[in-house]
file final-v1.tsv (TSV, C-alpha atoms)
chain	number	residue	atom	x	y	z
A	1	MET	CA	-19.94	1.39	-14.36
A	2	GLN	CA	-21.03	-0.66	-11.37
A	3	LEU	CA	-18.55	-3.36	-10.28
A	4	THR	CA	-19.64	-6.47	-8.44
A	5	ASP	CA	-17.86	-7.22	-5.17
A	6	GLU	CA	-15.93	-9.98	-6.91
A	7	GLN	CA	-14.87	-7.71	-9.78
A	8	ALA	CA	-13.87	-4.94	-7.36
A	9	LYS	CA	-11.76	-7.31	-5.23
A	10	TYR	CA	-10.07	-8.75	-8.30
A	11	ALA	CA	-9.43	-5.29	-9.81
A	12	TRP	CA	-7.99	-4.04	-6.50
A	13	LYS	CA	-5.71	-7.10	-6.18
A	14	VAL	CA	-4.42	-6.68	-9.74
A	15	ALA	CA	-4.00	-2.89	-9.40
A	16	LEU	CA	-2.14	-3.21	-6.11
A	17	ASN	CA	0.13	-5.90	-7.57
A	18	ILE	CA	0.93	-3.75	-10.63
A	19	SER	CA	1.52	-0.56	-8.65
A	20	GLY	CA	3.75	-2.42	-6.18
A	21	LYS	CA	6.09	-3.37	-9.03
A	22	HIS	CA	6.78	0.24	-9.97
A	23	GLY	CA	9.68	2.17	-8.44
A	24	GLN	CA	9.76	4.39	-5.39
A	25	SER	CA	7.41	7.30	-5.00
A	26	SER	CA	6.37	9.62	-2.20
A	27	LEU	CA	2.93	8.08	-2.68
A	28	GLY	CA	2.41	4.45	-1.79
A	29	PRO	CA	1.34	1.72	-4.24
A	30	GLU	CA	-2.15	1.73	-2.75
A	31	ASP	CA	-2.55	5.41	-3.73
A	32	PHE	CA	-1.83	4.60	-7.38
A	33	ALA	CA	-4.03	1.50	-7.24
A	34	ALA	CA	-6.89	3.55	-5.79
A	35	GLN	CA	-6.55	6.20	-8.51
A	36	ALA	CA	-6.66	3.49	-11.17
A	37	ILE	CA	-9.77	1.92	-9.62
A	38	GLU	CA	-11.43	5.35	-9.56
A	39	LYS	CA	-10.74	5.68	-13.28
A	40	LEU	CA	-12.05	2.15	-13.87
A	41	VAL	CA	-15.34	2.87	-12.11
A	42	LYS	CA	-15.85	5.96	-14.29
A	43	LEU	CA	-15.72	3.86	-17.48
A	44	GLU	CA	-18.98	2.88	-19.14
A	45	THR	CA	-17.89	-0.72	-19.80
A	46	MET	CA	-15.27	-3.07	-18.38
A	47	PRO	CA	-12.08	-3.12	-20.50
A	48	ASP	CA	-11.56	-6.35	-22.46
A	49	ASN	CA	-8.09	-6.74	-20.98
A	50	LEU	CA	-8.41	-5.46	-17.40
A	51	GLU	CA	-4.81	-6.27	-16.44
A	52	GLY	CA	-3.41	-4.48	-19.50
A	53	TRP	CA	-5.68	-1.49	-18.95
A	54	LEU	CA	-4.70	-1.22	-15.27
A	55	LYS	CA	-1.00	-1.55	-16.13
A	56	ALA	CA	-1.25	1.27	-18.68
A	57	VAL	CA	-3.20	3.54	-16.32
A	58	ILE	CA	-0.92	2.93	-13.32
A	59	THR	CA	2.23	3.36	-15.43
A	60	ASN	CA	0.87	6.69	-16.68
A	61	LEU	CA	0.03	7.75	-13.11
A	62	TYR	CA	3.63	7.06	-12.04
A	63	ILE	CA	4.98	8.91	-15.07
A	64	ASP	CA	2.71	11.90	-14.38
A	65	ARG	CA	3.80	11.96	-10.72
A	66	ASP	CA	7.49	11.87	-11.69
A	67	ARG	CA	7.00	14.67	-14.22
A	68	HIS	CA	5.16	16.77	-11.65
A	69	ILE	CA	7.96	16.32	-9.10
A	70	ASP	CA	10.66	17.06	-11.69
A	71	ALA	CA	8.87	20.22	-12.79
A	72	ARG	CA	8.48	21.34	-9.19
A	73	ARG	CA	12.21	20.82	-8.59
A	74	ARG	CA	13.14	22.72	-11.75
A	75	ASN	CA	10.86	25.60	-10.77
A	76	LEU	CA	12.17	25.86	-7.21
A	77	GLY	CA	15.78	25.12	-7.95
A	78	LYS	CA	18.42	24.21	-5.38
A	79	SER	CA	17.69	27.28	-3.28
A	80	PHE	CA	15.15	30.05	-3.15
A	81	ILE	CA	17.50	32.76	-4.36
A	82	GLY	CA	15.93	34.46	-7.34
A	83	HIS	CA	12.37	33.78	-6.19
A	84	SER	CA	10.31	36.77	-5.14
A	85	ASP	CA	8.71	37.05	-1.71
A	86	GLU	CA	5.35	36.60	-3.41
A	87	GLU	CA	6.39	33.28	-5.03
A	88	ILE	CA	7.64	31.91	-1.73
A	89	ALA	CA	4.65	33.21	0.21
A	90	GLU	CA	2.30	31.67	-2.34
A	91	LEU	CA	3.71	28.25	-1.52
A	92	VAL	CA	3.08	28.78	2.19
A	93	ALA	CA	-0.25	30.64	1.97
A	94	ASP	CA	-3.60	28.87	2.13
A	95	ARG	CA	-4.44	27.11	-1.16
A	96	ASN	CA	-8.19	27.80	-0.88
A	97	GLN	CA	-9.48	30.80	-2.78
A	98	PRO	CA	-9.34	33.48	-0.08
A	99	SER	CA	-10.80	36.94	-0.31
A	100	MET	CA	-8.44	39.63	-1.54
A	101	SER	CA	-7.96	41.08	1.96
A	102	SER	CA	-7.31	37.66	3.48
A	103	ASP	CA	-4.88	36.93	0.63
A	104	LEU	CA	-2.88	40.03	1.59
A	105	VAL	CA	-2.92	38.96	5.24
A	106	ASN	CA	-1.76	35.45	4.28
A	107	VAL	CA	1.11	36.82	2.19
A	108	ASP	CA	2.18	39.20	4.96
A	109	PHE	CA	1.88	36.44	7.56
A	110	ALA	CA	3.84	34.00	5.38
A	111	ARG	CA	6.59	36.59	4.92
A	112	GLU	CA	6.68	37.24	8.68
A	113	VAL	CA	6.90	33.49	9.40
A	114	LEU	CA	9.69	32.97	6.88
A	115	GLU	CA	11.64	36.01	8.04
A	116	SER	CA	11.58	34.68	11.61
A	117	LEU	CA	13.49	31.57	10.52
A	118	PRO	CA	17.15	31.05	9.63
A	119	TYR	CA	17.79	30.55	5.90
A	120	ARG	CA	18.15	26.74	6.13
A	121	ASP	CA	14.89	26.45	8.09
A	122	GLN	CA	13.18	28.67	5.50
A	123	GLN	CA	14.20	26.22	2.78
A	124	ILE	CA	12.86	23.25	4.74
A	125	TRP	CA	9.60	25.00	5.64
A	126	VAL	CA	8.87	26.17	2.09
A	127	LEU	CA	9.57	22.73	0.58
A	128	HIS	CA	7.36	21.15	3.23
A	129	ALA	CA	4.57	23.65	2.54
A	130	ALA	CA	4.94	22.98	-1.20
A	131	GLY	CA	4.16	19.31	-0.59
A	132	TYR	CA	7.59	17.74	-0.65
A	133	SER	CA	7.96	14.62	1.50
A	134	THR	CA	10.67	14.51	4.14
A	135	ALA	CA	12.62	12.09	1.90
A	136	GLU	CA	12.42	14.54	-1.03
A	137	ILE	CA	13.52	17.44	1.19
A	138	ALA	CA	16.45	15.36	2.46
A	139	VAL	CA	17.62	14.74	-1.11
A	140	GLN	CA	16.96	18.31	-2.25
A	141	LEU	CA	18.85	19.91	0.64
A	142	ASP	CA	21.51	17.23	1.14
A	143	PHE	CA	20.40	15.97	4.55
A	144	ALA	CA	21.50	12.50	5.68
A	145	ASN	CA	17.98	11.04	5.56
A	146	ALA	CA	14.26	11.73	5.93
A	147	GLN	CA	14.35	11.24	9.71
A	148	VAL	CA	16.76	14.16	10.10
A	149	VAL	CA	14.33	16.35	8.13
A	150	ALA	CA	11.35	15.11	10.18
A	151	THR	CA	13.19	15.99	13.41
A	152	LYS	CA	14.14	19.40	12.01
A	153	MET	CA	10.50	20.01	10.94
A	154	GLY	CA	9.38	19.28	14.51
A	155	GLN	CA	11.93	21.76	15.85
A	156	ILE	CA	10.82	24.42	13.34
A	157	ARG	CA	7.14	23.83	14.16
A	158	THR	CA	7.85	24.16	17.90
A	159	LYS	CA	9.83	27.37	17.29
A	160	LEU	CA	6.99	28.81	15.16
A	161	GLN	CA	4.31	27.82	17.65
A	162	LYS	CA	6.19	29.60	20.40
A	163	ALA	CA	6.54	32.70	18.23
A	164	PHE	CA	3.10	32.72	16.57
A	165	GLY	CA	0.90	30.57	18.80
A	166	SER	CA	-2.16	28.92	17.33
A	167	GLN	CA	-1.76	30.70	13.99
A	168	ILE	CA	0.65	27.95	12.91
call {"tool": "encode", "arguments": {"input": "final-v1.tsv", "output": "structure tokens"}}
result
Amino acid sequence: MQLTDEQAKYAWKVALNISGKHGQSSLGPEDFAAQAIEKLVKLETMPDNLEGWLKAVITNLYIDRDRHIDARRRNLGKSFIGHSDEEIAELVADRNQPSMSSDLVNVDFAREVLESLPYRDQQIWVLHAAGYSTAEIAVQLDFANAQVVATKMGQIRTKLQKAFGSQI
């Protein structure tokens, strides 16, 4: 469906207002509003009740995000004990579809990187590589706040760059 400039501005304003009323997320309200607008543009016709439609879509986006984060936490658990090297390396390795030989190199490299770090730094690095925000890592690993995690990530990155150079 093609939206006029006026319709697009109105839809964006409504979507941003609705998404701003939802709780906290590692994504901002504008991310959810943008996703809802993308879904709106894909429709063949404008919904009769645009506000209601946007509210339902944005609510579902928040619910899906929360479920995804909860599932990720359940799968990783409080620590990485019980997870194989391959599971941990998969989180750190490149997400593109590499060739089989490059996949083996990525797994070996990921293992080497992780083994060079103390256990606590391994936890931080793997959660970061898995897409957790600094705030989520702080909660997961009982740090005081997200700034502490951000500082620690900088220290880990510096340590890894010294050890592995431009590969990191």
call {"tool": "residues_near_point", "arguments": {"input": "final-v1.tsv", "point": "(9.8, 34.8, 11.4)", "cutoff": "12 Å", "atoms": "only C-alpha atoms", "output": "list in words"}}
result
Asp108, Phe109, Ala110, Arg111, Glu112, Val113, Leu114, Glu115, Ser116, Leu117, Pro118, Tyr119, Asp121, Gln122, Trp125, Ile156, Arg157, Lys159, Leu160, Gln161, Lys162, Ala163, Phe164 and Ile168 of chain A
call {"tool": "write_last_selection", "arguments": {"input": "final-v1.tsv", "atoms": "C-alpha atoms", "output": "short mmCIF file (atom, residue, chain, number, x, y, z; two decimals), keeping the file's coordinate frame"}}
result
data_model
loop_
_atom_site.label_atom_id
_atom_site.label_comp_id
_atom_site.auth_asym_id
_atom_site.auth_seq_id
_atom_site.Cartn_x
_atom_site.Cartn_y
_atom_site.Cartn_z
CA ASP A 108 2.18 39.20 4.96
CA PHE A 109 1.88 36.44 7.56
CA ALA A 110 3.84 34.00 5.38
CA ARG A 111 6.59 36.59 4.92
CA GLU A 112 6.68 37.24 8.68
CA VAL A 113 6.90 33.49 9.40
CA LEU A 114 9.69 32.97 6.88
CA GLU A 115 11.64 36.01 8.04
CA SER A 116 11.58 34.68 11.61
CA LEU A 117 13.49 31.57 10.52
CA PRO A 118 17.15 31.05 9.63
CA TYR A 119 17.79 30.55 5.90
CA ASP A 121 14.89 26.45 8.09
CA GLN A 122 13.18 28.67 5.50
CA TRP A 125 9.60 25.00 5.64
CA ILE A 156 10.82 24.42 13.34
CA ARG A 157 7.14 23.83 14.16
CA LYS A 159 9.83 27.37 17.29
CA LEU A 160 6.99 28.81 15.16
CA GLN A 161 4.31 27.82 17.65
CA LYS A 162 6.19 29.60 20.40
CA ALA A 163 6.54 32.70 18.23
CA PHE A 164 3.10 32.72 16.57
CA ILE A 168 0.65 27.95 12.91
#
call {"tool": "atom_distance", "arguments": {"input": "final-v1.tsv", "atom1": "CA of Leu40 in chain A", "atom2": "CA of His68 in chain A"}}
result
22.7 Å
call {"tool": "axis_aligned_box", "arguments": {"input": "final-v1.tsv", "around": "range 50-57 of chain A", "padding_each_side": "5 Å", "output": "AutoDock Vina command-line options"}}
result
--center_x -4.7 --center_y -1.4 --center_z -17.4 --size_x 17.4 --size_y 19.8 --size_z 14.2
call {"tool": "closest_residue", "arguments": {"input": "final-v1.tsv", "among": "A:Glu51, A:Glu44, A:Asp142, A:Glu38", "to": "Lys13 in chain A", "atoms": "all atoms listed in the file"}}
result
A:Glu51
call {"tool": "closest_residue", "arguments": {"input": "final-v1.tsv", "among": "A:Leu16, A:Ile137, A:Ala33, A:Leu43", "to": "Gln123 in chain A", "atoms": "all atoms listed in the file"}}
result
A:Ile137
call {"tool": "atom_distance", "arguments": {"input": "final-v1.tsv", "atom1": "CA of Thr134 in chain A", "atom2": "CA of Ile58 in chain A"}}
result
23.9 Å
call {"tool": "residues_near_point", "arguments": {"input": "final-v1.tsv", "point": "(-6.6, -7.0, -6.7)", "cutoff": "12 Å", "atoms": "only C-alpha atoms", "output": "list of chain:residue names"}}
result
A:Asp5, A:Glu6, A:Gln7, A:Ala8, A:Lys9, A:Tyr10, A:Ala11, A:Trp12, A:Lys13, A:Val14, A:Ala15, A:Leu16, A:Asn17, A:Ile18, A:Ser19, A:Gly20, A:Glu30, A:Ala33, A:Ala34, A:Ala36, A:Ile37, A:Leu50, A:Glu51, A:Leu54
call {"tool": "closest_residue", "arguments": {"input": "final-v1.tsv", "among": "A:Thr158, A:Met1, A:Gly131, A:Val126", "to": "Pro47 in chain A", "atoms": "all atoms listed in the file"}}
result
A:Met1
call {"tool": "residues_around", "arguments": {"input": "final-v1.tsv", "residues": "Val139 in chain A", "least_positions_apart": "6", "cutoff": "12 Å", "atoms": "only C-alpha atoms", "output": "short mmCIF file (atom, residue, chain, number, x, y, z; two decimals) with C-alpha atoms, keeping the file's coordinate frame"}}
result
data_model
loop_
_atom_site.label_atom_id
_atom_site.label_comp_id
_atom_site.auth_asym_id
_atom_site.auth_seq_id
_atom_site.Cartn_x
_atom_site.Cartn_y
_atom_site.Cartn_z
CA ARG A 73 12.21 20.82 -8.59
CA LYS A 78 18.42 24.21 -5.38
CA ILE A 124 12.86 23.25 4.74
CA LEU A 127 9.57 22.73 0.58
CA TYR A 132 7.59 17.74 -0.65
CA SER A 133 7.96 14.62 1.50
CA ASN A 145 17.98 11.04 5.56
CA ALA A 146 14.26 11.73 5.93
CA GLN A 147 14.35 11.24 9.71
CA VAL A 148 16.76 14.16 10.10
CA VAL A 149 14.33 16.35 8.13
#
call {"tool": "atom_distance", "arguments": {"input": "final-v1.tsv", "atom1": "CA of Ile69 in chain A", "atom2": "CA of Glu136 in chain A"}}
result
9.4 Å
call {"tool": "build_atoms", "arguments": {"input": "final-v1.tsv", "residues": "range 131-167 of chain A", "atoms": "N, CA and C atoms", "output": "compact mmCIF listing (two decimals), keeping the file's coordinate frame"}}
result
# COMPACT_ATOMS: atom_id res chain seq x y z
N GLY A 131 4.60 20.69 -0.42
CA GLY A 131 4.16 19.31 -0.59
C GLY A 131 5.26 18.28 -0.73
N TYR A 132 6.50 18.70 -0.58
CA TYR A 132 7.59 17.74 -0.65
C TYR A 132 7.54 16.81 0.56
N SER A 133 7.86 15.56 0.38
CA SER A 133 7.96 14.62 1.50
C SER A 133 9.28 14.87 2.21
N THR A 134 9.42 14.34 3.42
CA THR A 134 10.67 14.51 4.14
C THR A 134 11.83 13.86 3.38
N ALA A 135 11.56 12.75 2.70
CA ALA A 135 12.62 12.09 1.90
C ALA A 135 13.05 12.99 0.75
N GLU A 136 12.09 13.64 0.08
CA GLU A 136 12.42 14.54 -1.03
C GLU A 136 13.19 15.75 -0.53
N ILE A 137 12.81 16.29 0.62
CA ILE A 137 13.52 17.44 1.19
C ILE A 137 14.95 17.04 1.54
N ALA A 138 15.11 15.84 2.11
CA ALA A 138 16.45 15.36 2.46
C ALA A 138 17.35 15.32 1.23
N VAL A 139 16.83 14.82 0.13
CA VAL A 139 17.62 14.74 -1.11
C VAL A 139 17.90 16.14 -1.65
N GLN A 140 16.85 16.96 -1.69
CA GLN A 140 16.96 18.31 -2.25
C GLN A 140 17.97 19.17 -1.50
N LEU A 141 17.99 19.03 -0.17
CA LEU A 141 18.85 19.91 0.64
C LEU A 141 20.06 19.19 1.23
N ASP A 142 20.32 18.00 0.74
CA ASP A 142 21.51 17.23 1.14
C ASP A 142 21.56 16.89 2.63
N PHE A 143 20.43 16.49 3.19
CA PHE A 143 20.40 15.97 4.55
C PHE A 143 20.71 14.48 4.50
N ALA A 144 21.12 13.91 5.63
CA ALA A 144 21.50 12.50 5.68
C ALA A 144 20.34 11.58 5.33
N ASN A 145 19.14 11.88 5.84
CA ASN A 145 17.98 11.04 5.56
C ASN A 145 16.70 11.78 5.94
N ALA A 146 15.57 11.12 5.68
CA ALA A 146 14.26 11.73 5.93
C ALA A 146 14.01 11.95 7.42
N GLN A 147 14.56 11.10 8.27
CA GLN A 147 14.35 11.24 9.71
C GLN A 147 14.97 12.54 10.24
N VAL A 148 16.11 12.91 9.70
CA VAL A 148 16.76 14.16 10.10
C VAL A 148 15.84 15.33 9.75
N VAL A 149 15.24 15.28 8.56
CA VAL A 149 14.33 16.35 8.13
C VAL A 149 13.09 16.36 9.02
N ALA A 150 12.54 15.19 9.33
CA ALA A 150 11.35 15.11 10.18
C ALA A 150 11.64 15.72 11.56
N THR A 151 12.80 15.42 12.12
CA THR A 151 13.19 15.99 13.41
C THR A 151 13.32 17.51 13.29
N LYS A 152 13.96 17.95 12.23
CA LYS A 152 14.14 19.40 12.01
C LYS A 152 12.79 20.09 11.83
N MET A 153 11.84 19.45 11.11
CA MET A 153 10.50 20.01 10.94
C MET A 153 9.81 20.17 12.30
N GLY A 154 9.96 19.19 13.16
CA GLY A 154 9.38 19.28 14.51
C GLY A 154 9.96 20.45 15.28
N GLN A 155 11.28 20.65 15.17
CA GLN A 155 11.93 21.76 15.85
C GLN A 155 11.45 23.11 15.29
N ILE A 156 11.30 23.18 13.97
CA ILE A 156 10.82 24.42 13.34
C ILE A 156 9.39 24.70 13.79
N ARG A 157 8.54 23.67 13.76
CA ARG A 157 7.14 23.83 14.16
C ARG A 157 7.05 24.33 15.60
N THR A 158 7.85 23.73 16.50
CA THR A 158 7.85 24.16 17.90
C THR A 158 8.28 25.62 18.01
N LYS A 159 9.33 25.98 17.29
CA LYS A 159 9.83 27.37 17.29
C LYS A 159 8.74 28.31 16.80
N LEU A 160 8.04 27.95 15.73
CA LEU A 160 6.99 28.81 15.16
C LEU A 160 5.78 28.90 16.08
N GLN A 161 5.43 27.79 16.72
CA GLN A 161 4.31 27.82 17.65
C GLN A 161 4.58 28.70 18.86
N LYS A 162 5.84 28.71 19.32
CA LYS A 162 6.19 29.60 20.40
C LYS A 162 6.11 31.06 19.97
N ALA A 163 6.52 31.32 18.73
CA ALA A 163 6.54 32.70 18.23
C ALA A 163 5.16 33.19 17.78
N PHE A 164 4.36 32.29 17.17
CA PHE A 164 3.10 32.72 16.57
C PHE A 164 1.86 32.08 17.17
N GLY A 165 2.04 31.20 18.12
CA GLY A 165 0.90 30.57 18.80
C GLY A 165 0.05 29.71 17.89
N SER A 166 -1.23 29.79 18.04
CA SER A 166 -2.16 28.92 17.33
C SER A 166 -2.32 29.27 15.86
N GLN A 167 -1.69 30.34 15.40
CA GLN A 167 -1.76 30.70 13.99
C GLN A 167 -1.04 29.69 13.11
